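S.K.: One structure, as structure tokens, below. Some questions next.
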Amino acid sequence: MTKGTEKWLLIAILVVFVVLSTGYSLAVPPFEASDELWHYPMVKVIADTWSLPVQDPADMGPWRQEGSQPPLYYFLGALTTSWIDTSDMDQVRHINPHADTGIATPDGNVNLVVHRPGQRTFPWTGTVLAVQMVRFMSILMATAGVYLTYLVIREVVPEKPTITLGATAMHAFTPMVVFIAGSVNNDNLVIPLSSLALLMLLRLLRRQDLSLRQAVPRYLLLGGVLGLAALTKASSLGLTVLTALVVSVRAVRRAREPGNSASAGWREFFVGAVTTVLPLVAIAGWWYVRNLRLYGDLTGLNAFIEILGQRSVPAGLAQLWRERYSFLAGYWGNFGGLNVPMSPWVYRVLNAILVIAVLGLMIALLRSLSERVSNLLTDRRPGRPNSASGSRVAPVLLCILWALGVFIPWIQWARVTWSSQGRLVFAALPVWSMLLAVGLGTWGGRWREWPIGAFALLLLGLSAAAPLVWIRPAYAVPEPLTEAEVEAIPSRLQVDFGGTMRLLGYDLETRHTEPGDEVSVTLHWEALGSAERDYTVFVHLLGEHELVVAQRDTLPGLGLLSTTWLEPGYRWADRYVIALPDTAYAPDKAQLQVGLFDGRTGERLPALAADGESLGDHIRFGEVAIRPTDHGPVNPISVTFGNGMRITGYDLSQRAAGPGESITVTLEWQALRPMAEDYTVSIQFIDDVQRKAAQHDGPPLGGAAPTTTWHQDQIVTDDVPLKIFPDATAGTYGVQVAVYWHADGEIAHLPVTPPGGEMQAKQITLTQVRVIP
């Protein structure tokens, strides 16, 4: 490949990236990109006050946890938008309180914000204009990041333009990268700054010919870039360790030069350390001192975590491995609030290609090791010159160390927080892209450009398709119903809810279901007039004793409409898909219950039939049979406690009882391996406000079968009667199970892995019971 061809291909990649990311910035509604809902308020508060907020978990501002992030990106955003009147932010940032964040649902409700029609009409004004301006700023930063990826990889493999351009294209065309580039997100600044620092380190590592005087300006510039990166995001701090390593390597090399002594090496080390640390501290030191003073932590991440929330049980490596698919989806492309995914086949294809690339990397590594061993053996012969094959090892190792410096802290972060997101390792994008290109290129041999180019084109196609195929449809408001569609409604109701909305009818698609399955129902609505507040539609699946088997609460239009601006006469259909828990009790017969309530107060709107008859505050209709998945004596489930025991089924003697009466809970246990502790099983009937109606704590079978005596695959069926407390309040209670033991005088719980391997907790709620007066 000629230099001219390489140059024009690079320009083409950059131009296409700018076009794609601009398209995303226009296609994605305001505040619908990852954490943009919190990032932009940080820009606004700085633009309004030119000061930084103090984080208080008891009084969180609209920026929430992002107020703990270093402020450089937000400051630049404030400079870009300070001239804009953004007093309408609360109206534009109309939060959807029921958004299914981080969950891909089959029926929608993915929008984080309720967008009023016409709000984004050009020319933009107010907050919409400000958000768009910061997005354009982000695109410029992200484009610089793509170009710096090219420079970094060219520094590592200057003789392989196919790898260099291929990796650059993979960076530029990964859908999640393009999506983040077109959003308000500080990743867009930390990526180019980290890449620039890595590039400077690679050049310092290569240019040993530089005298100390020539190296000093480079050290100072490097320290400045490190400071800017540290003032953008804490994930860049690993670069300081790499800097210390590079300075040390240069010092050792300086000491070994002919005519130099150890003092020359120490001089290089001291001067390199001081001239990088000084600008770093001068630029970013104040931020970390402020964190230490305000929060008692240099990074301020303790306040970040307190506001964000954390896992009830820290994740082990096995749990993080179970979350690998969500992690990879967050790397390839999972849009919105991590709830607008691409089609499942896309991830299967991309993950398969990733596996192929990893295998290719292993082959390339084995070939390299074989070549080096061969050269070492050859070099032992007299008269043979030393091989230069190791001249590229140091830059590759430096890049890999940077990737590890991003990935390992992410593991520690993900163990504590709900952060199985691949985009959180984007600071090392040049390295990930290079490794992908090398791994795929291995399979092509002399025609390595074919697999590399094919994968880059696949990513380009996905990035181009995503806004049209997955993103825009997710935020499209329901189309108005035609007269013919209204007439065709299968089951008519005509129920008026508080003069705000009328339920015209329904279409119940599901007549029988099973635990872990779904119930689908389409509700047909008509707006009667706007209201002063947002009302939420609730769709409950009620079983025996009016126990809620499953429910779906959303704003109208599955989150896309607000009762504060509905136009009278607008008619539409919402298709709800209600997911039953894997632990739902069966057999059962259920009905649907529908109504509207105020999410702030819980107050429900009155329901009136077409003839004016009062229906209370809801309407019930339909019948759904919930069948057991197995016809055995208990409800089959799979809930693992630690790695030693599992509930494989449960049953209840009855599902409703009064004070003083008993309900027997039957748990079927399976031993997964021999256990060294005698565990206590806790079963509680507990409601939403943590009131208990009954509790039993004790070893299995009342002590007749301590867990230390269980052998692998043993089945233990335990019938546990729970007597309702005499003063228990009537209502619905969850049947909650936990397993614990006493460790050093304190209670320690076995982590619970629910069906499907989701996030672990300290307990599991199996089903519900009702305490009756």
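Chain labels A, B, ... are given in the sequence in which chains occur in the structure tokens; within each chain residues are numbered consecutively from 1, and ligands are likewise numbered from 1 in the order shown.
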Can you pull out every residue within 12 Å of Ala284 in chain A, counting only C-alpha atoms, but drop anything in the same chain fewer than 4 positions away, and send it as an MDAnalysis selection string?
M.R.: chainID A and resid 70:72 223:234 236:237 277:280 288:291 298:299
S.K.: Identify all residues of range 312-420 of chain A in helix (DSSP H, G or I) (DSSP on the backbone) and supply them as a PyMOL selection string.
M.R.: chain A and resi 317-322+324-332+344-379+389-416
S.K.: Residues at most 12 Å from Val249 in chain A, counting only C-alpha atoms, excluding those fewer than 2 positions away in the same chain, as an MDAnalysis selection string?
M.R.: chainID A and resid 201:202 204:208 242:247 251:256 265:266 268:269 272 394 398
S.K.: Which polymer residues have any atom within 12 Å of an atom of Gln690 in chain A, counting only C-alpha atoms, with same-chain residues fewer than 2 positions away left out, as number ranges by chain?
M.R.: A: 684-688, 692-694, 729, 732-734, 736
S.K.: Would you compute the distance between CA of Ile411 in chain A and CA of Asp59 in chain A? Give it in Å to one decimal.
M.R.: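 So the answer is 29.3 Å.
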S.K.: May I have all residues of range 528-680 of chain A that DSSP, computed from the backbone, assigns to strand (DSSP E), given as JSON, numbers by chain?
M.R.: {"A": [535, 536, 537, 538, 539, 540, 541, 542, 548, 549, 550, 551, 552, 553, 554, 571, 572, 573, 574, 575, 576, 577, 578, 579, 588, 589, 590, 591, 592, 593, 594, 595, 596, 597, 598, 607, 608, 619, 620, 621, 622, 623, 624, 625, 626, 635, 636, 637, 638, 639, 640, 641, 645, 646, 647, 648, 649, 650, 651, 652, 656, 657, 662, 663, 664, 665, 666, 667, 668, 669, 670, 671, 680]}
S.K.: Can you spit out the residues from that selection as a PDB file, in the first residue's frame, using C-alpha atoms?
M.R.:
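Saved file selection24.pdb follows:
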ATOM      1  CA  TYR A 535     -50.509   9.613  35.545  1.00  0.00           C
ATOM      2  CA  THR A 536     -49.151   6.098  35.254  1.00  0.00           C
ATOM      3  CA  VAL A 537     -50.951   3.149  33.685  1.00  0.00           C
ATOM      4  CA  PHE A 538     -50.771   0.000  35.795  1.00  0.00           C
ATOM      5  CA  VAL A 539     -51.413  -3.441  34.332  1.00  0.00           C
ATOM      6  CA  HIS A 540     -51.487  -6.118  37.032  1.00  0.00           C
ATOM      7  CA  LEU A 541     -51.852  -9.860  36.632  1.00  0.00           C
ATOM      8  CA  LEU A 542     -53.821 -10.863  39.725  1.00  0.00           C
ATOM      9  CA  VAL A 548     -50.023  -9.799  42.118  1.00  0.00           C
ATOM     10  CA  VAL A 549     -48.305 -12.424  39.975  1.00  0.00           C
ATOM     11  CA  ALA A 550     -46.648  -9.846  37.701  1.00  0.00           C
ATOM     12  CA  GLN A 551     -47.174  -6.234  36.747  1.00  0.00           C
ATOM     13  CA  ARG A 552     -46.227  -3.506  34.287  1.00  0.00           C
ATOM     14  CA  ASP A 553     -46.325   0.172  35.273  1.00  0.00           C
ATOM     15  CA  THR A 554     -45.605   2.755  32.557  1.00  0.00           C
ATOM     16  CA  ARG A 571     -56.570   7.308  20.161  1.00  0.00           C
ATOM     17  CA  TRP A 572     -53.773   4.762  20.226  1.00  0.00           C
ATOM     18  CA  ALA A 573     -52.878   1.186  21.162  1.00  0.00           C
ATOM     19  CA  ASP A 574     -50.274  -0.002  23.705  1.00  0.00           C
ATOM     20  CA  ARG A 575     -49.135  -3.619  23.604  1.00  0.00           C
ATOM     21  CA  TYR A 576     -47.959  -4.715  27.032  1.00  0.00           C
ATOM     22  CA  VAL A 577     -45.793  -7.776  27.535  1.00  0.00           C
ATOM     23  CA  ILE A 578     -45.908  -8.788  31.189  1.00  0.00           C
ATOM     24  CA  ALA A 579     -43.081 -11.089  32.246  1.00  0.00           C
ATOM     25  CA  ASP A 588     -53.062 -20.387  39.351  1.00  0.00           C
ATOM     26  CA  LYS A 589     -55.863 -18.516  37.597  1.00  0.00           C
ATOM     27  CA  ALA A 590     -55.258 -14.842  36.970  1.00  0.00           C
ATOM     28  CA  GLN A 591     -57.091 -11.766  35.751  1.00  0.00           C
ATOM     29  CA  LEU A 592     -55.818  -8.490  34.365  1.00  0.00           C
ATOM     30  CA  GLN A 593     -56.364  -5.352  36.415  1.00  0.00           C
ATOM     31  CA  VAL A 594     -55.872  -1.950  34.782  1.00  0.00           C
ATOM     32  CA  GLY A 595     -56.037   1.617  36.074  1.00  0.00           C
ATOM     33  CA  LEU A 596     -54.188   4.926  36.375  1.00  0.00           C
ATOM     34  CA  PHE A 597     -52.408   6.381  39.388  1.00  0.00           C
ATOM     35  CA  ASP A 598     -50.307   9.382  40.387  1.00  0.00           C
ATOM     36  CA  ALA A 607     -63.011   4.338  36.931  1.00  0.00           C
ATOM     37  CA  LEU A 608     -66.468   4.770  35.413  1.00  0.00           C
ATOM     38  CA  ILE A 619     -61.173  -2.452  35.741  1.00  0.00           C
ATOM     39  CA  ARG A 620     -60.638  -6.224  35.700  1.00  0.00           C
ATOM     40  CA  PHE A 621     -61.038  -8.422  32.673  1.00  0.00           C
ATOM     41  CA  GLY A 622     -59.836 -11.569  30.951  1.00  0.00           C
ATOM     42  CA  GLU A 623     -58.604 -14.822  32.393  1.00  0.00           C
ATOM     43  CA  VAL A 624     -55.141 -16.363  32.146  1.00  0.00           C
ATOM     44  CA  ALA A 625     -54.320 -19.869  33.349  1.00  0.00           C
ATOM     45  CA  ILE A 626     -50.845 -20.167  34.876  1.00  0.00           C
ATOM     46  CA  ASN A 635     -42.915 -25.535  41.685  1.00  0.00           C
ATOM     47  CA  PRO A 636     -39.625 -26.287  39.897  1.00  0.00           C
ATOM     48  CA  ILE A 637     -37.098 -23.448  40.025  1.00  0.00           C
ATOM     49  CA  SER A 638     -33.328 -23.060  40.129  1.00  0.00           C
ATOM     50  CA  VAL A 639     -31.975 -20.656  42.738  1.00  0.00           C
ATOM     51  CA  THR A 640     -28.360 -21.183  43.821  1.00  0.00           C
ATOM     52  CA  PHE A 641     -26.971 -20.173  47.212  1.00  0.00           C
ATOM     53  CA  MET A 645     -26.756 -25.613  47.575  1.00  0.00           C
ATOM     54  CA  ARG A 646     -29.713 -24.906  45.340  1.00  0.00           C
ATOM     55  CA  ILE A 647     -33.494 -24.660  45.687  1.00  0.00           C
ATOM     56  CA  THR A 648     -34.928 -26.829  42.925  1.00  0.00           C
ATOM     57  CA  GLY A 649     -38.583 -26.354  43.870  1.00  0.00           C
ATOM     58  CA  TYR A 650     -41.005 -25.021  46.441  1.00  0.00           C
ATOM     59  CA  ASP A 651     -44.632 -25.303  47.497  1.00  0.00           C
ATOM     60  CA  LEU A 652     -47.079 -23.666  49.916  1.00  0.00           C
ATOM     61  CA  ALA A 656     -53.615 -16.866  52.516  1.00  0.00           C
ATOM     62  CA  ALA A 657     -53.959 -17.044  56.283  1.00  0.00           C
ATOM     63  CA  SER A 662     -49.807 -21.208  59.784  1.00  0.00           C
ATOM     64  CA  ILE A 663     -48.598 -21.579  56.228  1.00  0.00           C
ATOM     65  CA  THR A 664     -46.186 -24.423  55.512  1.00  0.00           C
ATOM     66  CA  VAL A 665     -43.418 -23.601  53.068  1.00  0.00           C
ATOM     67  CA  THR A 666     -41.881 -26.651  51.399  1.00  0.00           C
ATOM     68  CA  LEU A 667     -38.364 -26.176  50.013  1.00  0.00           C
ATOM     69  CA  GLU A 668     -36.682 -28.826  47.900  1.00  0.00           C
ATOM     70  CA  TRP A 669     -32.902 -28.488  48.203  1.00  0.00           C
ATOM     71  CA  GLN A 670     -30.117 -30.031  46.148  1.00  0.00           C
ATOM     72  CA  ALA A 671     -26.526 -30.255  47.367  1.00  0.00           C
ATOM     73  CA  THR A 680     -29.115 -21.640  58.711  1.00  0.00           C
TER      74      THR A 680
END
S.K.: Just want the 12 Å neighbourhood of Asn111 in chain A, counted on only C-alpha atoms, with same-chain residues fewer than 3 positions away dropped. Output as a ChimeraX atom specification.
M.R.: /A:28-34,37,93-105,107-108,114-115,335-340,471-477,554-555,557-561
